[in-house]
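Note sheet for the following structure.
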Amino acid sequence: MFGDRDCRILRVSQRVEKEIIRGLGFSYSHWLSCSAAIQEGRWGERGSGFPVPFLLSEGARFEMTFALIDHPVVIQSIRSRQHREAFMPAASANARQDLPHLARIDPSQFDLLFSGCKLERYAAGQHLFLQEDAADRIFGVMSGTVEISIYSPDGQKLVANIELSRSLVGEIGALDGRPRTATAICLTACELVSLSRTHLFDRIEKNPSLARAMIELLCARLRWVSGELGDQAFFGIEARLAKRLVFLEGVMADGAGWISISQSELGEFLGVTRESINKTLNDWRNRRVIAIRRGGLRISDAGALRRIAESQDDY
């Protein structure tokens with residue numbers, strides 16, 4: 001029988017379970033017989049039916065045991081960020097930090113980058129730039145909220161991110177000199193500083209620490225994008241919406257916890273219809289997970305919402 005060092009207690013969804021069973025070439029009946037064999041202590045015996053390390057379901061909705069989880073088929077099934085983070089001992093599952101967060105450079109590097117730049121004021125609704133515009137400046141947010149959105153050729157909108165104080169906006173185009181990848185618009189009155197592409201590179205050359213800060217920022221952005229792609233592929237609407245609300249509470253909630261955002265805007269964040277958002281929010285209100293008022297909502301049960309955010313199965 002395998003030793004304790006060869007197994008882990010993991011939190012994964014039933015979808016991952018099915019992927020791995022299929023990848024190992026098991027039929028469901030074969031898998032059940034393997035499960036019974038290991039429960040009876042017959043791991044590794046001749047005829048016990050273990051052609052490769054396998055998955056054992058304990059019957060719980062999200063808790064399963066894997067033996068020798070470094071098997072190539074198992075690794076293939078957990079390549080996404082969410083799956084990799086799920087493959088951790090249960091004791092440390094609560095330490096996961098996979099919910100969305102803002103990507104920023106260190107405040108001292110922000111000050112160094114924009115030292116001496118004149119403060120610029122923008123009204124709510126004013127654009128900093130449009131998708132496909134020529135990119136010649138990088139912006140730093142001193143105060144206010146800037147929305148970053150992507151538009152399809154037929155005008156459909158997807159909100160990619162929200163930038164707040166001490167965030168950078170437009171760094172990709174400013175660094176590579178190619179057209180803007182997204183549209184940036186001020187959701188509120190904003191105070192910004194900006195730097196031309198020429199001055200950006202001049203300051204990076206004179207201050208090597210800025211180069212490292214920019215690299216770290218771009219890596220954080222890439223991790224964000226990878227996470228969003230994984231969410232789209234592996235999570236349902238409920239989990240993605242829950243994760244987004246946890247994020248928005250941290251960046252947009254007022255003193256009473258209310259997040260001023262419409263259901264249509266939430267749909268733009270996730271790339272889904274307003275009707276889907278409305279159905280989910282009403283269900284959560286009935287379960288007292290959130291409170292809703294016209295033009296906004298408030299999280300009532302943060303623990304429940306985080307559990308939904310970490311689940312790959314819609315409740």
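Letters for chains follow the order of the structure tokens (A, B, ...), residue numbers begin at 1 for each chain, and ligand numbers begin at 1 in the order shown.
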Which residues are close to Arg298 in chain A, i.e. within 8 Å by only C-alpha atoms, leaving aside same-chain residues fewer than 3 positions away? Reply as a ChimeraX atom specification. /A:257-259,290-292
Within 10 Å of range 155-168 of chain A, counting only C-alpha atoms, which residues qualify if same-chain residues fewer than 5 places away don't, as a CSV table (one decimal) with N, CA and C atoms, in the first residue's frame?
chain,number,residue,atom,x,y,z
A,100,PRO,N,-9.0,38.2,-7.6
A,100,PRO,CA,-8.4,39.3,-8.3
A,100,PRO,C,-7.8,40.4,-7.4
A,101,HIS,N,-6.8,41.1,-7.8
A,101,HIS,CA,-6.2,42.2,-7.1
A,101,HIS,C,-5.6,43.2,-8.1
A,102,LEU,N,-5.4,44.3,-7.6
A,102,LEU,CA,-4.8,45.4,-8.4
A,102,LEU,C,-3.3,45.1,-8.6
A,103,ALA,N,-2.8,45.4,-9.8
A,103,ALA,CA,-1.4,45.3,-10.1
A,103,ALA,C,-0.8,46.7,-10.1
A,104,ARG,N,0.2,47.0,-9.2
A,104,ARG,CA,0.8,48.3,-9.1
A,104,ARG,C,2.3,48.2,-9.0
A,105,ILE,N,3.0,49.2,-9.3
A,105,ILE,CA,4.4,49.3,-9.0
A,105,ILE,C,4.6,49.8,-7.6
A,106,ASP,N,5.7,49.7,-7.0
A,106,ASP,CA,6.0,50.2,-5.7
A,106,ASP,C,5.8,51.7,-5.7
A,107,PRO,N,5.2,52.3,-4.6
A,107,PRO,CA,4.9,53.7,-4.5
A,107,PRO,C,6.2,54.6,-4.8
A,110,PHE,N,6.8,54.6,-8.4
A,110,PHE,CA,5.7,55.5,-9.0
A,110,PHE,C,6.2,56.9,-9.0
A,111,ASP,N,6.6,57.3,-7.8
A,111,ASP,CA,7.0,58.7,-7.6
A,111,ASP,C,8.3,59.0,-8.4
A,138,ILE,N,2.3,57.3,-21.2
A,138,ILE,CA,1.9,56.4,-20.0
A,138,ILE,C,1.3,57.3,-19.0
A,139,PHE,N,0.3,56.8,-18.3
A,139,PHE,CA,-0.4,57.6,-17.3
A,139,PHE,C,-0.3,57.0,-15.9
A,140,GLY,N,-0.3,57.9,-14.9
A,140,GLY,CA,-0.3,57.4,-13.6
A,140,GLY,C,-1.5,58.0,-12.9
A,141,VAL,N,-2.3,57.2,-12.2
A,141,VAL,CA,-3.5,57.7,-11.5
A,141,VAL,C,-3.2,58.2,-10.2
A,142,MET,N,-3.4,59.5,-9.9
A,142,MET,CA,-3.2,60.0,-8.6
A,142,MET,C,-4.5,59.9,-7.7
A,143,SER,N,-5.7,60.1,-8.3
A,143,SER,CA,-6.9,59.9,-7.7
A,143,SER,C,-8.0,59.6,-8.7
A,144,GLY,N,-9.1,59.0,-8.2
A,144,GLY,CA,-10.2,58.7,-9.2
A,144,GLY,C,-10.1,57.2,-9.6
A,145,THR,N,-11.0,56.9,-10.5
A,145,THR,CA,-11.2,55.5,-11.0
A,145,THR,C,-11.2,55.5,-12.5
A,146,VAL,N,-10.4,54.7,-13.1
A,146,VAL,CA,-10.2,54.6,-14.6
A,146,VAL,C,-10.6,53.2,-15.0
A,147,GLU,N,-11.5,53.1,-16.0
A,147,GLU,CA,-12.0,51.8,-16.5
A,147,GLU,C,-11.2,51.5,-17.8
A,148,ILE,N,-10.7,50.2,-17.8
A,148,ILE,CA,-10.0,49.7,-19.0
A,148,ILE,C,-11.0,48.7,-19.7
A,149,SER,N,-11.3,49.0,-21.0
A,149,SER,CA,-12.3,48.1,-21.7
A,149,SER,C,-11.8,47.7,-23.0
A,150,ILE,N,-12.3,46.6,-23.5
A,150,ILE,CA,-12.0,46.1,-24.8
A,150,ILE,C,-13.3,46.0,-25.6
A,182,ALA,N,-6.6,48.6,-25.6
A,182,ALA,CA,-7.9,48.8,-24.9
A,182,ALA,C,-8.2,50.3,-24.9
A,183,THR,N,-9.4,50.6,-24.4
A,183,THR,CA,-9.9,51.9,-24.2
A,183,THR,C,-9.8,52.3,-22.7
A,184,ALA,N,-9.4,53.5,-22.4
A,184,ALA,CA,-9.3,53.9,-21.0
A,184,ALA,C,-10.2,55.1,-20.8
A,185,ILE,N,-11.2,55.1,-19.9
A,185,ILE,CA,-12.1,56.1,-19.6
A,185,ILE,C,-12.2,56.4,-18.1
A,186,CYS,N,-12.4,57.6,-17.8
A,186,CYS,CA,-12.5,58.0,-16.4
A,186,CYS,C,-13.9,57.8,-15.9
A,187,LEU,N,-14.1,56.9,-14.9
A,187,LEU,CA,-15.4,56.6,-14.4
A,187,LEU,C,-15.8,57.8,-13.4
A,190,CYS,N,-10.9,62.5,-12.2
A,190,CYS,CA,-9.6,61.9,-12.0
A,190,CYS,C,-8.5,63.0,-12.0
A,191,GLU,N,-7.5,62.7,-11.2
A,191,GLU,CA,-6.2,63.5,-11.3
A,191,GLU,C,-5.1,62.5,-11.7
A,192,LEU,N,-4.5,62.9,-12.8
A,192,LEU,CA,-3.5,62.0,-13.4
A,192,LEU,C,-2.2,62.7,-13.6
A,193,VAL,N,-1.1,62.0,-13.8
A,193,VAL,CA,0.2,62.5,-14.3
A,193,VAL,C,0.5,61.6,-15.5
A,194,SER,N,1.3,62.2,-16.4
A,194,SER,CA,1.6,61.4,-17.6
A,194,SER,C,3.0,61.7,-18.1
A,214,MET,N,8.8,47.8,-13.9
A,214,MET,CA,8.0,47.7,-15.1
A,214,MET,C,7.8,46.2,-15.5
A,217,LEU,N,5.5,44.6,-13.1
A,217,LEU,CA,4.1,45.0,-13.4
A,217,LEU,C,3.6,44.2,-14.6
A,224,TRP,N,-2.7,38.2,-14.5
A,224,TRP,CA,-4.1,38.6,-14.4
A,224,TRP,C,-4.8,38.0,-15.6
A,225,VAL,N,-4.3,38.3,-16.8
A,225,VAL,CA,-4.9,37.8,-18.1
A,225,VAL,C,-5.0,36.3,-18.1
A,228,GLU,N,-7.8,35.3,-15.9
A,228,GLU,CA,-9.1,35.6,-16.5
A,228,GLU,C,-9.5,34.5,-17.6
A,247,PHE,N,-13.6,41.4,-5.6
A,247,PHE,CA,-12.6,42.3,-6.1
A,247,PHE,C,-13.2,43.7,-6.1
A,248,LEU,N,-14.4,43.9,-6.6
A,248,LEU,CA,-15.0,45.3,-6.6
A,248,LEU,C,-15.3,45.8,-5.2
A,251,VAL,N,-12.2,47.7,-4.1
A,251,VAL,CA,-11.8,48.8,-4.8
A,251,VAL,C,-12.9,49.9,-5.1
A,252,MET,N,-14.2,49.5,-4.9
A,252,MET,CA,-15.2,50.5,-5.2
A,252,MET,C,-16.2,50.7,-4.1
A,265,GLU,N,-23.4,46.7,-16.2
A,265,GLU,CA,-21.9,46.9,-16.1
A,265,GLU,C,-21.3,45.6,-15.6
A,266,LEU,N,-21.9,44.9,-14.7
A,266,LEU,CA,-21.4,43.6,-14.3
A,266,LEU,C,-21.3,42.6,-15.4
A,267,GLY,N,-22.3,42.7,-16.3
A,267,GLY,CA,-22.3,41.8,-17.5
A,267,GLY,C,-21.2,42.2,-18.4
A,268,GLU,N,-20.8,43.5,-18.5
A,268,GLU,CA,-19.7,43.9,-19.3
A,268,GLU,C,-18.4,43.4,-18.7
A,269,PHE,N,-18.3,43.3,-17.4
A,269,PHE,CA,-17.1,42.7,-16.8
A,269,PHE,C,-16.9,41.3,-17.1
A,270,LEU,N,-18.0,40.5,-17.2
A,270,LEU,CA,-17.9,39.1,-17.4
A,270,LEU,C,-18.1,38.6,-18.8
A,271,GLY,N,-18.6,39.5,-19.7
A,271,GLY,CA,-18.9,39.1,-21.0
A,271,GLY,C,-20.2,38.3,-21.1
A,272,VAL,N,-21.1,38.5,-20.2
A,272,VAL,CA,-22.4,37.8,-20.2
A,272,VAL,C,-23.6,38.7,-20.3
How many Å lie between CA of Tyr122 in chain A and CA of Ala220 in chain A, rounded to one decimal? 26.8 Å
At a cut-off of 7 Å, using only C-alpha atoms, what residues contact Glu238 in chain A? Leave out same-chain residues fewer than 3 positions from it and give the result as a ChimeraX atom specification. /A:241-242,280,308,314
Produce a file of the selected residues containing C-alpha atoms, as a compact mmCIF listing (two decimals), in the first residue's frame.
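Result went into out-v3.txt, see below:
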# COMPACT_ATOMS: atom_id res chain seq x y z
CA LEU A 241 -19.35 36.86 -10.72
CA ALA A 242 -18.58 36.09 -7.08
CA THR A 280 -27.77 35.08 -10.21
CA ILE A 308 -18.75 30.39 -4.45
CA ASP A 314 -22.51 26.57 -10.00
Close residues, Leu112 in chain A itself excluded, 12 Å, only C-alpha atoms, min 3 positions apart in chain, as an NGL selection string: :A and (105-109 or 115-117 or 140 or 195 or 200 or 203-204 or 206-211 or 213)
Which residue, A:Ala302, A:Ala239, A:Leu297, A:Val246, has the smallest gap to Ser262 in chain A when you use only C-alpha atoms?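 The closest residue to Ser262 in chain A is A:Leu297.
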To one decimal place in Å, what is the distance between CA of Asp254 in chain A and CA of Leu305 in chain A?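 These two atoms are separated by 18.6 Å.
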Selected residue of minimal separation from Glu171 in chain A among A:Arg137, A:Arg306, A:Ala123, A:Asn286, counting only C-alpha atoms: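 Nearest candidate to Glu171 in chain A out of A:Arg137, A:Arg306, A:Ala123, A:Asn286: A:Arg137.
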Using Å and a single decimal, report how far CA of Ala135 in chain A sits from CA of Asp154 in chain A. 22.7 Å
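Nearest-residue note for Ile172 in chain A: choosing from A:Ile299, A:Ala189, A:Ala124, A:Leu222, the minimum distance belongs to A:Leu222, counting only C-alpha atoms.
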So, counting only C-alpha atoms, which residue among A:Gly170, A:Gly296, A:Pro153, A:Gly177 is closest to Leu245 in chain A?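 Between A:Gly170, A:Gly296, A:Pro153, A:Gly177, the residue approaching Leu245 in chain A most closely is A:Gly296.
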